[in-house]
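K.L.:
Provided herewith is a single structure, encoded as structure tokens, for subsequent inquiry.
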Amino acid sequence: MKKILLVQFILSLTVCLIMNIGPALADDLSEFKKVVETYNAARANWDIDKLIEFEANSIGLSSDKKSIKKFKLVDKEILKKGFETFLSKFEYNDQKFFIHHIELLDEIGIATGVFNFKIKAKEYPEVTGKKRWSSTWVKSDENWKLIFYHREYID
């Protein structure tokens with residue numbers, strides 16, 4: 001078993017050296033995971049201020065795959081009013097996020113996972129479901145910045 005792990009480590013290190021890519025350090029990966037968890041918690045808890053900080057400079061693909069949200073072009077106050085208007089239409093929105101994979105490549109981070117949700121819009125029946133999600137981040141000025149996210153229903 002130890003021999004197999006050693007061979008895998010040597011092969012991984014060789015690939016990194018050939019491609020001139022540094023392997024992600026455990027601290028970097030841990031820091032990135034915390035940022036992704038904070039973002040997911042903001043989505044699950046409808047924390048509008050945190051969502052705006054994360055999504056104000058990002059681009060997102062909606063569940064219906066028909067529209068790309070270009071929040072980079074939207075003023076933060078307009079974005080906040082939009083979030084508040086949208087969220088006011090719901091009685092509750094319970095979401096539980098799970099991270100399946102996190103990967104770092106130099107200053108780029110990619111995270112994927114799923115989330116289960118139970119949501120009830122006013123005057124409509126409750127809807128439950130499961131969506132997959134992904135997000136792409138860039139580290140700039142020592143901070144992770146969301147640049148693209150995607151969420152869609154799992155059939």
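Each chain in the structure tokens gets a letter, A, B and so on, in the order shown; residues start at 1 in every chain, and ligands are counted from 1 in the order they appear.
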Excluding same-chain residues fewer than 2 positions from Asp94 in chain A, what lies within 7 Å of it counting only C-alpha atoms, as a list in words?

P.N.:
Ala44, Tyr92, Lys96, Phe117, Lys118 and Ile119 of chain A

K.L.:
Using only C-alpha atoms, which residues sit within 12 Å of Asn93 in chain A once same-chain residues fewer than 6 positions away are excluded, as a ChimeraX atom specification?

P.N.:
/A:43-46,86-87,116-122,126-129

K.L.:
Those selected residues, please, written with N, CA and C atoms and delivered as a tab-separated table (two decimals), in the first residue's frame.

P.N.:
chain	number	residue	atom	x	y	z
A	43	ARG	N	-25.46	31.60	0.51
A	43	ARG	CA	-26.57	31.20	-0.37
A	43	ARG	C	-27.65	30.49	0.44
A	44	ALA	N	-27.24	29.57	1.29
A	44	ALA	CA	-28.21	28.78	2.07
A	44	ALA	C	-28.98	29.64	3.06
A	45	ASN	N	-28.33	30.66	3.61
A	45	ASN	CA	-28.95	31.50	4.64
A	45	ASN	C	-29.50	32.82	4.11
A	46	TRP	N	-29.48	32.98	2.83
A	46	TRP	CA	-29.98	34.21	2.20
A	46	TRP	C	-29.31	35.45	2.77
A	86	PHE	N	-36.53	39.50	-5.12
A	86	PHE	CA	-36.66	38.08	-5.43
A	86	PHE	C	-36.94	37.27	-4.17
A	87	LEU	N	-36.17	37.48	-3.12
A	87	LEU	CA	-36.31	36.69	-1.90
A	87	LEU	C	-37.61	36.98	-1.16
A	116	ASN	N	-29.27	20.15	-1.81
A	116	ASN	CA	-30.68	19.79	-1.72
A	116	ASN	C	-31.44	21.04	-1.27
A	117	PHE	N	-32.63	21.20	-1.77
A	117	PHE	CA	-33.39	22.38	-1.37
A	117	PHE	C	-34.86	22.04	-1.18
A	118	LYS	N	-35.47	22.85	-0.33
A	118	LYS	CA	-36.91	22.81	-0.09
A	118	LYS	C	-37.33	24.27	-0.04
A	119	ILE	N	-38.16	24.67	-0.98
A	119	ILE	CA	-38.49	26.07	-1.12
A	119	ILE	C	-39.99	26.24	-1.30
A	120	LYS	N	-40.53	27.32	-0.74
A	120	LYS	CA	-41.96	27.59	-0.89
A	120	LYS	C	-42.15	29.06	-1.23
A	121	ALA	N	-42.61	29.28	-2.44
A	121	ALA	CA	-42.98	30.64	-2.84
A	121	ALA	C	-44.39	30.92	-2.31
A	122	LYS	N	-44.65	32.18	-2.02
A	122	LYS	CA	-45.98	32.55	-1.53
A	122	LYS	C	-47.03	32.15	-2.56
A	126	GLU	N	-44.95	23.79	-2.04
A	126	GLU	CA	-43.54	23.58	-1.76
A	126	GLU	C	-42.88	22.81	-2.91
A	127	VAL	N	-41.66	23.15	-3.18
A	127	VAL	CA	-40.88	22.46	-4.21
A	127	VAL	C	-39.60	21.95	-3.55
A	128	THR	N	-39.28	20.69	-3.82
A	128	THR	CA	-38.03	20.12	-3.33
A	128	THR	C	-37.23	19.62	-4.52
A	129	GLY	N	-35.95	19.55	-4.34
A	129	GLY	CA	-35.13	19.05	-5.44
A	129	GLY	C	-33.67	19.03	-5.09

K.L.:
Between A:Ile52, A:Ile78, A:Val36, A:Ile59, which one has atoms that come closest to Phe97 in chain A, using only C-alpha atoms?

P.N.:
A:Val36

K.L.:
To one decimal in Å, tell me the separation between CA of Val138 in chain A and CA of Glu37 in chain A.

P.N.:
15.7 Å

K.L.:
Set the distance at 12 Å and use only C-alpha atoms: which residues neighbour Glu31 in chain A once local chain neighbours fewer than 4 positions away are removed? I'd like the list as a list in words.

P.N.:
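Near neighbours after the sequence-gap exclusion: Ala24, Leu25, Ala26, Asp27, Val35, Val36, Glu37, Thr38, Ile102, Glu103, Leu104, Gly109, Lys139, Glu142, Asn143 and Trp144 of chain A.
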
K.L.:
I'd like the neighbourhood of Gly113 in chain A as number ranges by chain, where a residue qualifies if any of its atoms comes within 6 Å (using only C-alpha atoms), though same-chain residues fewer than 6 positions away should be ignored.

P.N.:
A: 98-100, 132-133

K.L.:
Go ahead and save the residues from that selection, with N, CA and C atoms, as an mmCIF file, in the first residue's frame.

P.N.:
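Once everything was written out, this is result.cif:
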data_model
loop_
_atom_site.group_PDB
_atom_site.id
_atom_site.type_symbol
_atom_site.label_atom_id
_atom_site.label_comp_id
_atom_site.auth_asym_id
_atom_site.auth_seq_id
_atom_site.Cartn_x
_atom_site.Cartn_y
_atom_site.Cartn_z
ATOM 1 N N PHE A 98 -23.286 20.540 -0.295
ATOM 2 C CA PHE A 98 -22.250 19.529 -0.134
ATOM 3 C C PHE A 98 -21.161 19.806 -1.162
ATOM 4 N N ILE A 99 -19.921 19.839 -0.706
ATOM 5 C CA ILE A 99 -18.789 20.012 -1.616
ATOM 6 C C ILE A 99 -18.297 18.627 -2.014
ATOM 7 N N HIS A 100 -18.225 18.382 -3.325
ATOM 8 C CA HIS A 100 -17.722 17.095 -3.799
ATOM 9 C C HIS A 100 -16.251 17.151 -4.171
ATOM 10 N N ARG A 132 -26.920 20.458 -8.945
ATOM 11 C CA ARG A 132 -25.462 20.418 -8.904
ATOM 12 C C ARG A 132 -24.974 21.853 -9.060
ATOM 13 N N TRP A 133 -23.815 22.133 -8.538
ATOM 14 C CA TRP A 133 -23.254 23.476 -8.652
ATOM 15 C C TRP A 133 -21.761 23.394 -8.926
#

K.L.:
Select, from A:His101, A:Ser88, A:Glu107, A:Leu146, the residue with the minimum atom-to-atom distance to Tyr39 in chain A, counting only C-alpha atoms.

P.N.:
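Of the candidates, the smallest distance to Tyr39 in chain A is held by A:Leu146.
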
K.L.:
If I take CA of Ala42 in chain A and CA of Lys145 in chain A, how far is one from the other in Å, to one decimal?

P.N.:
14.7 Å

K.L.:
Please run DSSP on the backbone and report, as a short mmCIF file (atom, residue, chain, number, x, y, z; two decimals) with C-alpha atoms, in the first residue's frame, all residues within range 83-120 of chain A that come out as alpha helix (DSSP H).

P.N.:
data_model
loop_
_atom_site.label_atom_id
_atom_site.label_comp_id
_atom_site.auth_asym_id
_atom_site.auth_seq_id
_atom_site.Cartn_x
_atom_site.Cartn_y
_atom_site.Cartn_z
CA PHE A 83 -32.03 40.08 -4.39
CA GLU A 84 -34.43 41.54 -1.82
CA THR A 85 -37.30 41.65 -4.32
CA PHE A 86 -36.66 38.08 -5.43
CA LEU A 87 -36.31 36.69 -1.90
#

K.L.:
Write out as JSON, numbers by chain each polymer residue whose atoms come within 12 Å of Glu77 in chain A, counting only C-alpha atoms; drop sequence neighbours fewer than 3 positions from it.

P.N.:
{"A": [48, 49, 52, 53, 56, 71, 74, 80, 81, 82, 83, 84]}

K.L.:
Hey, can you spit out that residue selection with C-alpha atoms as a PDB file, in the first residue's frame?

P.N.:
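Final output, saved to out_1.pdb:
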ATOM      1  CA  ILE A  48     -27.783  39.242   0.862  1.00  0.00           C
ATOM      2  CA  ASP A  49     -24.811  41.386   1.862  1.00  0.00           C
ATOM      3  CA  ILE A  52     -23.441  40.711  -3.142  1.00  0.00           C
ATOM      4  CA  GLU A  53     -19.807  40.791  -2.048  1.00  0.00           C
ATOM      5  CA  ALA A  56     -21.078  41.464  -7.640  1.00  0.00           C
ATOM      6  CA  PHE A  71     -23.468  40.797 -12.263  1.00  0.00           C
ATOM      7  CA  VAL A  74     -24.653  45.744 -12.170  1.00  0.00           C
ATOM      8  CA  LYS A  80     -29.176  44.239  -3.508  1.00  0.00           C
ATOM      9  CA  LYS A  81     -32.664  45.500  -4.409  1.00  0.00           C
ATOM     10  CA  GLY A  82     -32.974  42.719  -6.967  1.00  0.00           C
ATOM     11  CA  PHE A  83     -32.029  40.075  -4.393  1.00  0.00           C
ATOM     12  CA  GLU A  84     -34.426  41.544  -1.817  1.00  0.00           C
TER      13      GLU A  84
END
